[in-house]
There are 2 protein chains.
Amino acid sequence: MPDYPSITPIGADMDASIRACIDGKTKPPGSLGRLEEIAFQLARIQQSMTPVTDPACHLVFAADHGICEEGISPFPQAVTGQMVRNFLDGGAAISVFCRQQGVSMKVVNAGVASPLPQHPELIDAPVRAGSGVFCREAAMNHAELEQCLDTGARLVDEQAGSAAILSLGEMGIGNTTTAAALVAALLDWSPQACVGAGTGADAAMQAHKADVIRRALALHRPDPGRPLEVLRCLGGLEIAMMTGAFLRAGARGKAILVDGFIATAAWLVAARLEPALRDYSFFAHQSDERGHAAVLNHLDVHPILHLDMRLGEGTGALAALPLLRLAAAFFNEMASFEGAGVSAGP
Amino acid sequence: MPDYPSITPIGADMDASIRACIDGKTKPPGSLGRLEEIAFQLARIQQSMTPVTDPACHLVFAADHGICEEGISPFPQAVTGQMVRNFLDGGAAISVFCRQQGVSMKVVNAGVASPLPQHPELIDAPVRAGSGVFCREAAMNHAELEQCLDTGARLVDEQAGSAAILSLGEMGIGNTTTAAALVAALLDWSPQACVGAGTGADAAMQAHKADVIRRALALHRPDPGRPLEVLRCLGGLEIAMMTGAFLRAGARGKAILVDGFIATAAWLVAARLEPALRDYSFFAHQSDERGHAAVLNHLDVHPILHLDMRLGEGTGALAALPLLRLAAAFFNEMASFEGAGVSAGP
């Protein structure tokens with residue numbers, strides 16, 4: 001089992017000052033709703049009375065999934081590599097969302113099966129050309145898992161060292177099946193409760209996804225108490241790198257924006273190891289992918305946005321980023337009742 | 001009854017082209033969820049395959065409410081004028097939200113009882129120094145209503161002529177009571193179902209708010225079929241100006257961002273006169289103010305954000321603006337399956 005960095009829970013020393021700052025702003029107490037909670041958490045993470053949201057960094061991890069052989073996605077596996085090219089060409093949703101908000105984006109080849117071009121925004125770090133067919137074999141071996149976790153951690157250091165906000169996204173045809181398998185194993189849920197439409201699976205294909213996961217769970221009999229072993233058996237490579245990145249970002253005390261179902265599955269593995277990861281995590285949105293609502297509910301998490309999105313890539317995270325920016329802006333720039341000479345009410 | 005401009009429903013001529021553009025983007029169909037609906041509506045409003053969200057213009061209408069004499073707010077009436085100064089000084093939430101997003105903001109004195117300074121961002125257009133005590137008298141007379149509606153319309157022409165997106169906000173201590181009265185009258189609902197905490201009214205004060213509205217409805221017996229007469233009897237001045245502004249913005253075919261409970265009450269009056277206003281309207285958020293959810297539900301409207309905000313000023317509208325910008329950006333900038341050489345799936 002590889003080492004992973006430990007994550008320190010955030011102390012409460014500054015909580016009263018942060019709360020007083022928010023409550024002293026020229027507005028009825030609590031009237032900015034969730035934005036007040038976001039501002040509170042951000043100031044708390046950064047242990048700062050001048051919280052910042054820039055620079056923001058987005059990393060997209062891409063890999064192929066052997067499980068595609070089982071016919072669990074309406075899109076061919078080749079689309080993973082095609083979409084990576086689209087990211088690099090600036091034409092994908094996440095490319096547009098990052099560009100529009102001035103967020104630096106890097107794409108990480110964690111294990112795409114098809115050849116990729118060299119590109120200044122591509123970090124080529126493949127562990128293998130797609131994960132194993134997890135209903136017949138382990139998704140990866142121990143060394144491969146360790147390499148994934150280490151690479152994810154290293155990329156946080158190299159790419160996001162100065163980032164105030166880090167978000168992670170993914171691309172990998174088949175990876176809603178992988179994420180559903182991880183969730184089913186970690187939470188001991190029925191596969192059926194965890195699978196959804198993904199990129200557009202119909203009812204029959206969704207039933208098949210659940211069946212594939214059922215076979216995988218019967219084969220590996222994963223122990224929810226050993227989350228990294230669950231991750232090794234079920235994969236995928238991009239998800240394992242995200243787990244490593246989440247752990248490292250938490251250990252560095254960075255504010256983290258968690259995207260949808262697949263990112264949450266990677267986060268869940270990390271949080272099983274280091275529960276304090278939660279202190280540093282904003283859950284950006286509730287995906288339309290079926291299992292996501294159930295996992296968020298299980299975690300007692302109330303995501304910021306409900307926009308019925310289910311694209312992945314980190315698009316939900318980038319859709320929530322403007323609200324973190326508004327939260328930081330009101331915290332830093334709004335006048336206080338006292339300063340503005342406004343009567344504070346009863 | 002003053003004249004008001006008529007609003008033309010949006011024709012369906014471009015709908016198929018707009019839909020095809022969205023569906024051809026490199027993502028599973030529908031996977032951007034509400035952002036796809038927003039992009040569709042924006043392109044439809046602007047009848048353009050290159051929809052824009054800039055320049056965006058925000059107008060904040062401020063007025064006092066005679067009904068404050070009845071003790072329906074925990075904040076003193078003087079706060080209306082104090083907050084207008086705070087807007088102009090840049091220290092209010094809406095000042096921060098507009099500045100942070102490069103949105104031009106003007107503050108309109110529709111009838112603030114306390115004296116205001118001259119300021120380049122203040123438009124001084126008071127109709128009277130606060131509306132009448134609407135449980136004892138009409139909030140305004142016919143000429144005053146007409147002046148409010150005309151001023152709101154004129155300000156759209158003068159301030160937002162070139163704006164791609166127009167949002168309206170308000171400030172007026174007491175105006176959740178006024179808005180609740182309007183909603184109760186227009187929808188024939190019990191006052192109790194329409195009143196909420198406002199800036200922080202406790203249960204006893206909320207019961208009192210409902211009682212004040214009950215007395216007003218008994219006095220005026222407003223006919224829901226005559227929405228402008230409802231508006232004249234119950235007020236307020238800033239709300240009436242907003243109604244005029246909504247009508248004019250719709251008549252000009254402008255994309256409109258509707259804020260929370262009070263803005264929605266002004267919108268409701270306008271939409272009763274011109275139902276096609278809806279084609280041009282985005283409902284930004286569901287306020288935490290109790291009556292808002294009920295009204296949105298009645299309208300079968302699904303607002304973009306649910307952030308438990310209840311500040312007014314247009315802050316909810318400005319919180320949703322980034323999502324309109326992301327929607328326009330994906331529509332304009334994302335690659336198509338064909339253009340990017342990505343396999344389109346089944």
# chains A, B, ... in the order shown; residues from 1 in each chain; ligands from 1
>>> residues_around(residues="Ile72 of chain A", least_positions_apart="3", cutoff="9 Å", atoms="only C-alpha atoms", output="ChimeraX atom specification")
/A:67-69,75,174,177,201,205-206,208-209,212
>>> write_last_selection(atoms="all heavy atoms", output="PDB file, in the first residue's frame")
ATOM      1  N   ILE A  67     -13.010  -2.056 -19.213  1.00  0.00           N
ATOM      2  CA  ILE A  67     -14.389  -2.522 -19.039  1.00  0.00           C
ATOM      3  C   ILE A  67     -15.267  -2.180 -20.249  1.00  0.00           C
ATOM      4  O   ILE A  67     -16.344  -2.765 -20.430  1.00  0.00           O
ATOM      5  CB  ILE A  67     -14.979  -1.936 -17.718  1.00  0.00           C
ATOM      6  CG1 ILE A  67     -16.164  -2.773 -17.228  1.00  0.00           C
ATOM      7  CG2 ILE A  67     -15.338  -0.482 -17.850  1.00  0.00           C
ATOM      8  CD1 ILE A  67     -15.779  -4.142 -16.734  1.00  0.00           C
ATOM      9  N   CYS A  68     -14.794  -1.256 -21.089  1.00  0.00           N
ATOM     10  CA  CYS A  68     -15.535  -0.933 -22.321  1.00  0.00           C
ATOM     11  C   CYS A  68     -15.748  -2.170 -23.191  1.00  0.00           C
ATOM     12  O   CYS A  68     -16.718  -2.240 -23.952  1.00  0.00           O
ATOM     13  CB  CYS A  68     -14.800   0.143 -23.135  1.00  0.00           C
ATOM     14  SG  CYS A  68     -15.080   1.793 -22.498  1.00  0.00           S
ATOM     15  N   GLU A  69     -14.836  -3.135 -23.083  1.00  0.00           N
ATOM     16  CA  GLU A  69     -15.005  -4.391 -23.834  1.00  0.00           C
ATOM     17  C   GLU A  69     -16.341  -5.051 -23.550  1.00  0.00           C
ATOM     18  O   GLU A  69     -16.837  -5.838 -24.359  1.00  0.00           O
ATOM     19  CB  GLU A  69     -13.904  -5.389 -23.443  1.00  0.00           C
ATOM     20  CG  GLU A  69     -12.567  -5.118 -24.070  1.00  0.00           C
ATOM     21  CD  GLU A  69     -11.586  -6.239 -23.754  1.00  0.00           C
ATOM     22  OE1 GLU A  69     -12.049  -7.341 -23.367  1.00  0.00           O
ATOM     23  OE2 GLU A  69     -10.373  -5.996 -23.889  1.00  0.00           O
ATOM     24  N   PHE A  75     -20.781   5.140 -26.545  1.00  0.00           N
ATOM     25  CA  PHE A  75     -19.698   5.748 -27.327  1.00  0.00           C
ATOM     26  C   PHE A  75     -18.525   4.774 -27.435  1.00  0.00           C
ATOM     27  O   PHE A  75     -18.208   4.074 -26.458  1.00  0.00           O
ATOM     28  CB  PHE A  75     -19.206   7.039 -26.663  1.00  0.00           C
ATOM     29  CG  PHE A  75     -20.077   8.234 -26.917  1.00  0.00           C
ATOM     30  CD1 PHE A  75     -21.205   8.466 -26.137  1.00  0.00           C
ATOM     31  CD2 PHE A  75     -19.792   9.125 -27.943  1.00  0.00           C
ATOM     32  CE1 PHE A  75     -22.027   9.566 -26.358  1.00  0.00           C
ATOM     33  CE2 PHE A  75     -20.607  10.238 -28.176  1.00  0.00           C
ATOM     34  CZ  PHE A  75     -21.722  10.455 -27.383  1.00  0.00           C
ATOM     35  N   GLY A 174     -16.562   5.031 -20.491  1.00  0.00           N
ATOM     36  CA  GLY A 174     -16.763   3.882 -19.591  1.00  0.00           C
ATOM     37  C   GLY A 174     -16.648   4.231 -18.120  1.00  0.00           C
ATOM     38  O   GLY A 174     -16.937   3.390 -17.267  1.00  0.00           O
ATOM     39  N   THR A 177     -19.287   3.618 -15.281  1.00  0.00           N
ATOM     40  CA  THR A 177     -19.382   2.234 -14.785  1.00  0.00           C
ATOM     41  C   THR A 177     -18.325   1.991 -13.710  1.00  0.00           C
ATOM     42  O   THR A 177     -18.603   1.406 -12.656  1.00  0.00           O
ATOM     43  CB  THR A 177     -19.218   1.245 -15.957  1.00  0.00           C
ATOM     44  OG1 THR A 177     -20.237   1.494 -16.926  1.00  0.00           O
ATOM     45  CG2 THR A 177     -19.325  -0.202 -15.474  1.00  0.00           C
ATOM     46  N   ALA A 201     -26.600   5.746 -21.892  1.00  0.00           N
ATOM     47  CA  ALA A 201     -26.995   4.333 -21.879  1.00  0.00           C
ATOM     48  C   ALA A 201     -28.500   4.229 -21.662  1.00  0.00           C
ATOM     49  O   ALA A 201     -29.051   4.908 -20.798  1.00  0.00           O
ATOM     50  CB  ALA A 201     -26.245   3.596 -20.768  1.00  0.00           C
ATOM     51  N   MET A 205     -28.921  -1.135 -21.330  1.00  0.00           N
ATOM     52  CA  MET A 205     -27.480  -0.995 -21.112  1.00  0.00           C
ATOM     53  C   MET A 205     -27.172  -0.691 -19.646  1.00  0.00           C
ATOM     54  O   MET A 205     -26.163  -1.148 -19.106  1.00  0.00           O
ATOM     55  CB  MET A 205     -26.904   0.092 -22.021  1.00  0.00           C
ATOM     56  CG  MET A 205     -25.373   0.110 -22.041  1.00  0.00           C
ATOM     57  SD  MET A 205     -24.689   1.379 -23.139  1.00  0.00           S
ATOM     58  CE  MET A 205     -24.652   0.495 -24.707  1.00  0.00           C
ATOM     59  N   GLN A 206     -28.050   0.067 -19.001  1.00  0.00           N
ATOM     60  CA  GLN A 206     -27.850   0.344 -17.570  1.00  0.00           C
ATOM     61  C   GLN A 206     -27.967  -0.938 -16.739  1.00  0.00           C
ATOM     62  O   GLN A 206     -27.202  -1.164 -15.806  1.00  0.00           O
ATOM     63  CB  GLN A 206     -28.850   1.394 -17.077  1.00  0.00           C
ATOM     64  CG  GLN A 206     -28.558   2.785 -17.648  1.00  0.00           C
ATOM     65  CD  GLN A 206     -29.487   3.859 -17.068  1.00  0.00           C
ATOM     66  OE1 GLN A 206     -29.715   3.899 -15.878  1.00  0.00           O
ATOM     67  NE2 GLN A 206     -30.005   4.723 -17.926  1.00  0.00           N
ATOM     68  N   HIS A 208     -27.264  -3.832 -17.847  1.00  0.00           N
ATOM     69  CA  HIS A 208     -26.033  -4.562 -18.151  1.00  0.00           C
ATOM     70  C   HIS A 208     -24.855  -4.011 -17.339  1.00  0.00           C
ATOM     71  O   HIS A 208     -24.018  -4.777 -16.830  1.00  0.00           O
ATOM     72  CB  HIS A 208     -25.766  -4.479 -19.657  1.00  0.00           C
ATOM     73  CG  HIS A 208     -24.500  -5.143 -20.079  1.00  0.00           C
ATOM     74  ND1 HIS A 208     -24.236  -6.489 -19.836  1.00  0.00           N
ATOM     75  CD2 HIS A 208     -23.401  -4.662 -20.714  1.00  0.00           C
ATOM     76  CE1 HIS A 208     -23.038  -6.786 -20.306  1.00  0.00           C
ATOM     77  NE2 HIS A 208     -22.510  -5.699 -20.840  1.00  0.00           N
ATOM     78  N   LYS A 209     -24.779  -2.672 -17.220  1.00  0.00           N
ATOM     79  CA  LYS A 209     -23.725  -2.060 -16.391  1.00  0.00           C
ATOM     80  C   LYS A 209     -23.783  -2.614 -14.965  1.00  0.00           C
ATOM     81  O   LYS A 209     -22.760  -2.985 -14.376  1.00  0.00           O
ATOM     82  CB  LYS A 209     -23.897  -0.519 -16.350  1.00  0.00           C
ATOM     83  CG  LYS A 209     -23.486   0.189 -17.639  1.00  0.00           C
ATOM     84  CD  LYS A 209     -23.944   1.664 -17.681  1.00  0.00           C
ATOM     85  CE  LYS A 209     -23.115   2.592 -16.807  1.00  0.00           C
ATOM     86  NZ  LYS A 209     -23.371   4.035 -17.173  1.00  0.00           N
ATOM     87  N   VAL A 212     -22.475  -6.178 -14.865  1.00  0.00           N
ATOM     88  CA  VAL A 212     -21.005  -6.213 -14.953  1.00  0.00           C
ATOM     89  C   VAL A 212     -20.399  -5.904 -13.576  1.00  0.00           C
ATOM     90  O   VAL A 212     -19.453  -6.569 -13.131  1.00  0.00           O
ATOM     91  CB  VAL A 212     -20.517  -5.199 -16.018  1.00  0.00           C
ATOM     92  CG1 VAL A 212     -19.023  -4.932 -15.888  1.00  0.00           C
ATOM     93  CG2 VAL A 212     -20.866  -5.688 -17.416  1.00  0.00           C
TER      94      VAL A 212
END
>>> interface_residues(of="chain B", to="chain A", cutoff="6 Å", atoms="only C-alpha atoms", output="list in words")
Pro28, Ser31, Leu32, Gly33, Arg34, Pro74, Phe75, Gln82, Gly91, Ala92, Thr199, Leu307, Asp308, Met309, Arg310, Leu311, Met334, Ala335, Val342, Gly345 and Pro346 of chain B
>>> write_last_selection(atoms="all heavy atoms", output="compact mmCIF listing (two decimals), in the first residue's frame")
# COMPACT_ATOMS: atom_id res chain seq x y z
N PRO B 28 -22.29 14.53 -24.85
CA PRO B 28 -23.53 13.75 -24.98
C PRO B 28 -24.72 14.70 -25.01
O PRO B 28 -24.73 15.70 -24.29
CB PRO B 28 -23.53 12.89 -23.71
CG PRO B 28 -22.09 12.78 -23.30
CD PRO B 28 -21.49 14.10 -23.69
N SER B 31 -26.23 16.89 -21.99
CA SER B 31 -25.39 16.70 -20.80
C SER B 31 -24.97 18.01 -20.13
O SER B 31 -24.45 17.99 -19.02
CB SER B 31 -24.15 15.87 -21.14
OG SER B 31 -23.37 16.53 -22.10
N LEU B 32 -25.20 19.15 -20.79
CA LEU B 32 -24.96 20.41 -20.09
C LEU B 32 -26.23 20.92 -19.40
O LEU B 32 -26.26 22.03 -18.86
CB LEU B 32 -24.36 21.47 -21.02
CG LEU B 32 -22.85 21.33 -21.26
CD1 LEU B 32 -22.35 22.32 -22.31
CD2 LEU B 32 -22.04 21.52 -19.96
N GLY B 33 -27.26 20.10 -19.40
CA GLY B 33 -28.44 20.35 -18.56
C GLY B 33 -29.03 21.73 -18.74
O GLY B 33 -29.31 22.17 -19.86
N ARG B 34 -29.22 22.41 -17.62
CA ARG B 34 -29.86 23.72 -17.65
C ARG B 34 -29.08 24.73 -18.48
O ARG B 34 -29.66 25.68 -19.02
CB ARG B 34 -30.01 24.27 -16.21
CG ARG B 34 -30.99 23.50 -15.34
CD ARG B 34 -32.42 23.58 -15.87
NE ARG B 34 -32.90 24.93 -16.06
CZ ARG B 34 -33.45 25.68 -15.11
NH1 ARG B 34 -33.60 25.19 -13.91
NH2 ARG B 34 -33.86 26.90 -15.36
N PRO B 74 -38.09 44.87 10.93
CA PRO B 74 -37.19 45.10 12.07
C PRO B 74 -36.20 46.23 11.82
O PRO B 74 -35.59 46.73 12.77
CB PRO B 74 -36.47 43.76 12.23
CG PRO B 74 -36.60 43.06 10.92
CD PRO B 74 -37.83 43.59 10.25
N PHE B 75 -36.03 46.65 10.57
CA PHE B 75 -35.11 47.75 10.28
C PHE B 75 -35.88 49.05 10.16
O PHE B 75 -37.00 49.08 9.62
CB PHE B 75 -34.37 47.50 8.95
CG PHE B 75 -33.22 46.53 9.06
CD1 PHE B 75 -33.44 45.16 9.00
CD2 PHE B 75 -31.92 46.98 9.22
CE1 PHE B 75 -32.39 44.26 9.09
CE2 PHE B 75 -30.86 46.09 9.31
CZ PHE B 75 -31.09 44.73 9.25
N GLN B 82 -29.90 55.05 3.68
CA GLN B 82 -28.52 54.69 4.07
C GLN B 82 -27.94 53.65 3.09
O GLN B 82 -26.77 53.72 2.71
CB GLN B 82 -28.52 54.11 5.50
CG GLN B 82 -28.83 55.15 6.57
CD GLN B 82 -29.11 54.51 7.93
OE1 GLN B 82 -29.15 53.29 8.07
NE2 GLN B 82 -29.33 55.35 8.95
N GLY B 91 -20.11 49.80 -1.43
CA GLY B 91 -19.92 48.86 -0.33
C GLY B 91 -21.03 47.85 -0.14
O GLY B 91 -20.92 46.96 0.71
N ALA B 92 -22.10 47.95 -0.92
CA ALA B 92 -23.21 46.99 -0.78
C ALA B 92 -22.92 45.73 -1.58
O ALA B 92 -22.09 45.72 -2.49
CB ALA B 92 -24.51 47.63 -1.26
N THR B 199 -36.30 41.08 6.01
CA THR B 199 -34.96 41.32 6.55
C THR B 199 -34.75 40.66 7.91
O THR B 199 -33.68 40.80 8.50
CB THR B 199 -34.71 42.83 6.71
OG1 THR B 199 -35.77 43.37 7.52
CG2 THR B 199 -34.69 43.54 5.38
N LEU B 307 -29.91 29.16 -3.70
CA LEU B 307 -28.81 29.44 -2.78
C LEU B 307 -29.29 30.01 -1.45
O LEU B 307 -28.48 30.53 -0.69
CB LEU B 307 -27.81 30.40 -3.45
CG LEU B 307 -27.08 29.86 -4.68
CD1 LEU B 307 -26.22 30.95 -5.32
CD2 LEU B 307 -26.21 28.65 -4.35
N ASP B 308 -30.59 29.92 -1.20
CA ASP B 308 -31.15 30.41 0.07
C ASP B 308 -30.84 31.88 0.30
O ASP B 308 -30.72 32.34 1.45
CB ASP B 308 -30.62 29.59 1.26
CG ASP B 308 -30.96 28.12 1.12
OD1 ASP B 308 -31.97 27.81 0.48
OD2 ASP B 308 -30.20 27.28 1.64
N MET B 309 -30.69 32.63 -0.78
CA MET B 309 -30.44 34.07 -0.66
C MET B 309 -31.77 34.79 -0.45
O MET B 309 -32.81 34.36 -0.94
CB MET B 309 -29.74 34.60 -1.92
CG MET B 309 -28.34 34.05 -2.11
SD MET B 309 -27.66 34.39 -3.77
CE MET B 309 -27.50 36.18 -3.72
N ARG B 310 -31.72 35.92 0.26
CA ARG B 310 -32.93 36.73 0.47
C ARG B 310 -32.52 38.17 0.76
O ARG B 310 -33.01 38.79 1.70
CB ARG B 310 -33.80 36.17 1.60
CG ARG B 310 -33.06 35.91 2.88
CD ARG B 310 -33.96 35.42 4.01
NE ARG B 310 -33.12 35.03 5.13
CZ ARG B 310 -32.60 35.85 6.04
NH1 ARG B 310 -32.84 37.14 5.97
NH2 ARG B 310 -31.82 35.40 7.00
N LEU B 311 -31.62 38.67 -0.05
CA LEU B 311 -31.09 40.01 0.18
C LEU B 311 -31.75 41.05 -0.70
O LEU B 311 -31.83 42.22 -0.35
CB LEU B 311 -29.57 40.00 -0.03
CG LEU B 311 -28.84 41.34 0.08
CD1 LEU B 311 -29.19 42.05 1.39
CD2 LEU B 311 -27.34 41.15 -0.01
N MET B 334 -17.79 26.14 -28.41
CA MET B 334 -17.51 24.70 -28.42
C MET B 334 -17.46 24.17 -29.84
O MET B 334 -18.18 24.62 -30.73
CB MET B 334 -18.59 23.93 -27.64
CG MET B 334 -18.25 23.64 -26.20
SD MET B 334 -19.54 22.63 -25.42
CE MET B 334 -19.05 20.97 -25.98
N ALA B 335 -16.61 23.16 -30.04
CA ALA B 335 -16.51 22.50 -31.34
C ALA B 335 -17.71 21.58 -31.55
O ALA B 335 -18.35 21.14 -30.60
CB ALA B 335 -15.22 21.69 -31.41
N VAL B 342 -14.76 14.01 -33.67
CA VAL B 342 -15.11 13.14 -32.54
C VAL B 342 -16.31 12.28 -32.96
O VAL B 342 -17.27 12.79 -33.53
CB VAL B 342 -15.45 13.97 -31.28
CG1 VAL B 342 -15.94 13.08 -30.14
CG2 VAL B 342 -14.25 14.79 -30.85
N GLY B 345 -21.22 8.82 -31.42
CA GLY B 345 -21.97 7.81 -30.65
C GLY B 345 -23.09 7.21 -31.47
O GLY B 345 -23.10 7.33 -32.71
N PRO B 346 -24.06 6.59 -30.81
CA PRO B 346 -25.05 5.76 -31.48
C PRO B 346 -25.97 6.59 -32.37
O PRO B 346 -26.17 7.76 -32.10
CB PRO B 346 -25.84 5.15 -30.33
CG PRO B 346 -25.69 6.11 -29.21
CD PRO B 346 -24.34 6.74 -29.37
>>> atom_distance(atom1="atom CA of Ala276 of chain A", atom2="atom CA of Pro9 of chain A")
5.0 Å
>>> select_by_dssp(residues="segment 184-274 of chain B", states="strand (DSSP E or B)", output="JSON, numbers by chain")
{"B": [255, 256, 257, 258]}
>>> residues_around(residues="Phe282 of chain A", least_positions_apart="6", cutoff="7 Å", atoms="only C-alpha atoms", output="list in words")
Ile256, Leu257 and Val258 of chain A
>>> residues_around(residues="His65 of chain B", least_positions_apart="5", cutoff="10 Å", atoms="only C-alpha atoms", output="PyMOL selection string")
chain B and resi 77+80+111-113+129-134+139+172-175+177-178+235-238
>>> write_last_selection(atoms="all heavy atoms", output="short mmCIF file (atom, residue, chain, number, x, y, z; two decimals), in the first residue's frame")
data_model
loop_
_atom_site.label_atom_id
_atom_site.label_comp_id
_atom_site.auth_asym_id
_atom_site.auth_seq_id
_atom_site.Cartn_x
_atom_site.Cartn_y
_atom_site.Cartn_z
N GLN B 77 -36.99 52.71 8.68
CA GLN B 77 -37.14 53.16 7.30
C GLN B 77 -35.91 53.92 6.79
O GLN B 77 -35.61 53.89 5.59
CB GLN B 77 -38.39 54.04 7.18
CG GLN B 77 -38.69 54.49 5.76
CD GLN B 77 -40.02 55.22 5.67
OE1 GLN B 77 -41.09 54.62 5.72
NE2 GLN B 77 -39.96 56.53 5.57
N THR B 80 -33.32 52.60 4.12
CA THR B 80 -33.43 52.67 2.65
C THR B 80 -32.43 53.69 2.10
O THR B 80 -31.62 53.37 1.22
CB THR B 80 -34.86 53.05 2.21
OG1 THR B 80 -35.78 52.11 2.76
CG2 THR B 80 -34.99 53.05 0.69
N GLY B 111 -38.33 57.11 -4.98
CA GLY B 111 -39.16 57.75 -3.95
C GLY B 111 -38.65 57.45 -2.55
O GLY B 111 -39.39 56.93 -1.72
N VAL B 112 -37.39 57.80 -2.31
CA VAL B 112 -36.79 57.59 -0.99
C VAL B 112 -37.15 58.79 -0.13
O VAL B 112 -37.05 59.94 -0.58
CB VAL B 112 -35.26 57.41 -1.11
CG1 VAL B 112 -34.62 57.26 0.26
CG2 VAL B 112 -34.94 56.21 -2.01
N ALA B 113 -37.58 58.52 1.10
CA ALA B 113 -38.07 59.60 1.96
C ALA B 113 -36.95 60.48 2.50
O ALA B 113 -37.14 61.67 2.73
CB ALA B 113 -38.86 59.00 3.13
N ALA B 129 -42.29 61.08 -1.79
CA ALA B 129 -41.36 60.67 -0.73
C ALA B 129 -41.91 59.46 0.01
O ALA B 129 -42.28 59.52 1.18
CB ALA B 129 -41.10 61.83 0.22
N GLY B 130 -41.96 58.33 -0.70
CA GLY B 130 -42.50 57.11 -0.11
C GLY B 130 -43.95 56.91 -0.48
O GLY B 130 -44.70 57.88 -0.67
N SER B 131 -44.36 55.68 -0.60
CA SER B 131 -45.74 55.35 -1.00
C SER B 131 -46.68 55.54 0.19
O SER B 131 -46.25 55.66 1.34
CB SER B 131 -45.80 53.90 -1.50
OG SER B 131 -45.15 53.04 -0.57
N GLY B 132 -47.98 55.59 -0.11
CA GLY B 132 -48.99 55.72 0.93
C GLY B 132 -49.08 54.47 1.80
O GLY B 132 -48.61 53.40 1.42
N VAL B 133 -49.68 54.65 2.97
CA VAL B 133 -49.84 53.53 3.91
C VAL B 133 -50.98 52.66 3.37
O VAL B 133 -52.15 52.95 3.59
CB VAL B 133 -50.17 54.04 5.33
CG1 VAL B 133 -50.21 52.88 6.31
CG2 VAL B 133 -49.13 55.07 5.77
N PHE B 134 -50.65 51.60 2.64
CA PHE B 134 -51.64 50.96 1.77
C PHE B 134 -52.76 50.21 2.51
O PHE B 134 -53.71 49.78 1.87
CB PHE B 134 -50.97 50.08 0.70
CG PHE B 134 -50.27 48.84 1.18
CD1 PHE B 134 -50.99 47.77 1.70
CD2 PHE B 134 -48.89 48.72 1.07
CE1 PHE B 134 -50.36 46.62 2.11
CE2 PHE B 134 -48.25 47.56 1.49
CZ PHE B 134 -48.99 46.51 2.02
N ALA B 139 -51.60 53.24 -2.32
CA ALA B 139 -50.16 53.49 -2.26
C ALA B 139 -49.77 54.68 -3.11
O ALA B 139 -48.83 55.41 -2.79
CB ALA B 139 -49.39 52.24 -2.71
N GLY B 172 -35.83 48.83 -0.48
CA GLY B 172 -36.92 49.58 0.13
C GLY B 172 -37.36 48.88 1.40
O GLY B 172 -38.02 47.84 1.31
N ILE B 173 -36.97 49.42 2.53
CA ILE B 173 -37.39 48.80 3.80
C ILE B 173 -38.92 48.69 3.78
O ILE B 173 -39.61 49.65 3.46
CB ILE B 173 -36.88 49.64 5.00
CG1 ILE B 173 -35.35 49.61 5.06
CG2 ILE B 173 -37.50 49.16 6.31
CD1 ILE B 173 -34.73 48.24 5.27
N GLY B 174 -39.39 47.48 4.07
CA GLY B 174 -40.84 47.24 4.05
C GLY B 174 -41.34 46.56 2.79
O GLY B 174 -42.50 46.16 2.73
N ASN B 175 -40.48 46.45 1.77
CA ASN B 175 -41.04 46.02 0.48
C ASN B 175 -41.33 44.53 0.35
O ASN B 175 -41.99 44.14 -0.62
CB ASN B 175 -40.25 46.59 -0.72
CG ASN B 175 -38.86 46.02 -0.87
OD1 ASN B 175 -38.47 45.09 -0.16
ND2 ASN B 175 -38.10 46.58 -1.81
N THR B 177 -43.36 43.21 2.45
CA THR B 177 -44.79 43.30 2.78
C THR B 177 -45.59 43.78 1.57
O THR B 177 -46.64 43.23 1.24
CB THR B 177 -45.00 44.26 3.98
OG1 THR B 177 -44.27 43.75 5.10
CG2 THR B 177 -46.48 44.36 4.36
N THR B 178 -45.05 44.78 0.89
CA THR B 178 -45.71 45.28 -0.31
C THR B 178 -45.80 44.19 -1.37
O THR B 178 -46.86 43.97 -1.98
CB THR B 178 -44.91 46.48 -0.87
OG1 THR B 178 -44.73 47.43 0.18
CG2 THR B 178 -45.62 47.11 -2.05
N GLY B 235 -48.84 49.37 -4.23
CA GLY B 235 -47.47 49.90 -4.37
C GLY B 235 -46.45 48.82 -4.60
O GLY B 235 -46.80 47.71 -4.95
N GLY B 236 -45.18 49.19 -4.40
CA GLY B 236 -44.60 50.48 -4.07
C GLY B 236 -44.05 51.18 -5.30
O GLY B 236 -44.13 50.68 -6.42
N LEU B 237 -43.44 52.30 -5.05
CA LEU B 237 -42.96 53.14 -6.15
C LEU B 237 -41.85 52.45 -6.94
O LEU B 237 -41.82 52.50 -8.17
CB LEU B 237 -42.47 54.47 -5.58
CG LEU B 237 -43.51 55.24 -4.75
CD1 LEU B 237 -42.83 56.32 -3.90
CD2 LEU B 237 -44.60 55.83 -5.64
N GLU B 238 -40.91 51.81 -6.21
CA GLU B 238 -39.81 51.13 -6.91
C GLU B 238 -40.32 49.90 -7.67
O GLU B 238 -39.84 49.58 -8.76
CB GLU B 238 -38.67 50.78 -5.94
CG GLU B 238 -38.78 49.47 -5.17
CD GLU B 238 -39.76 49.55 -4.00
OE1 GLU B 238 -40.83 50.17 -4.13
OE2 GLU B 238 -39.47 48.94 -2.95
#
>>> closest_residue(among="B:Thr53, B:Thr8, B:Ser190, B:Gln41", to="Ser162 of chain B", atoms="only C-alpha atoms")
B:Thr53
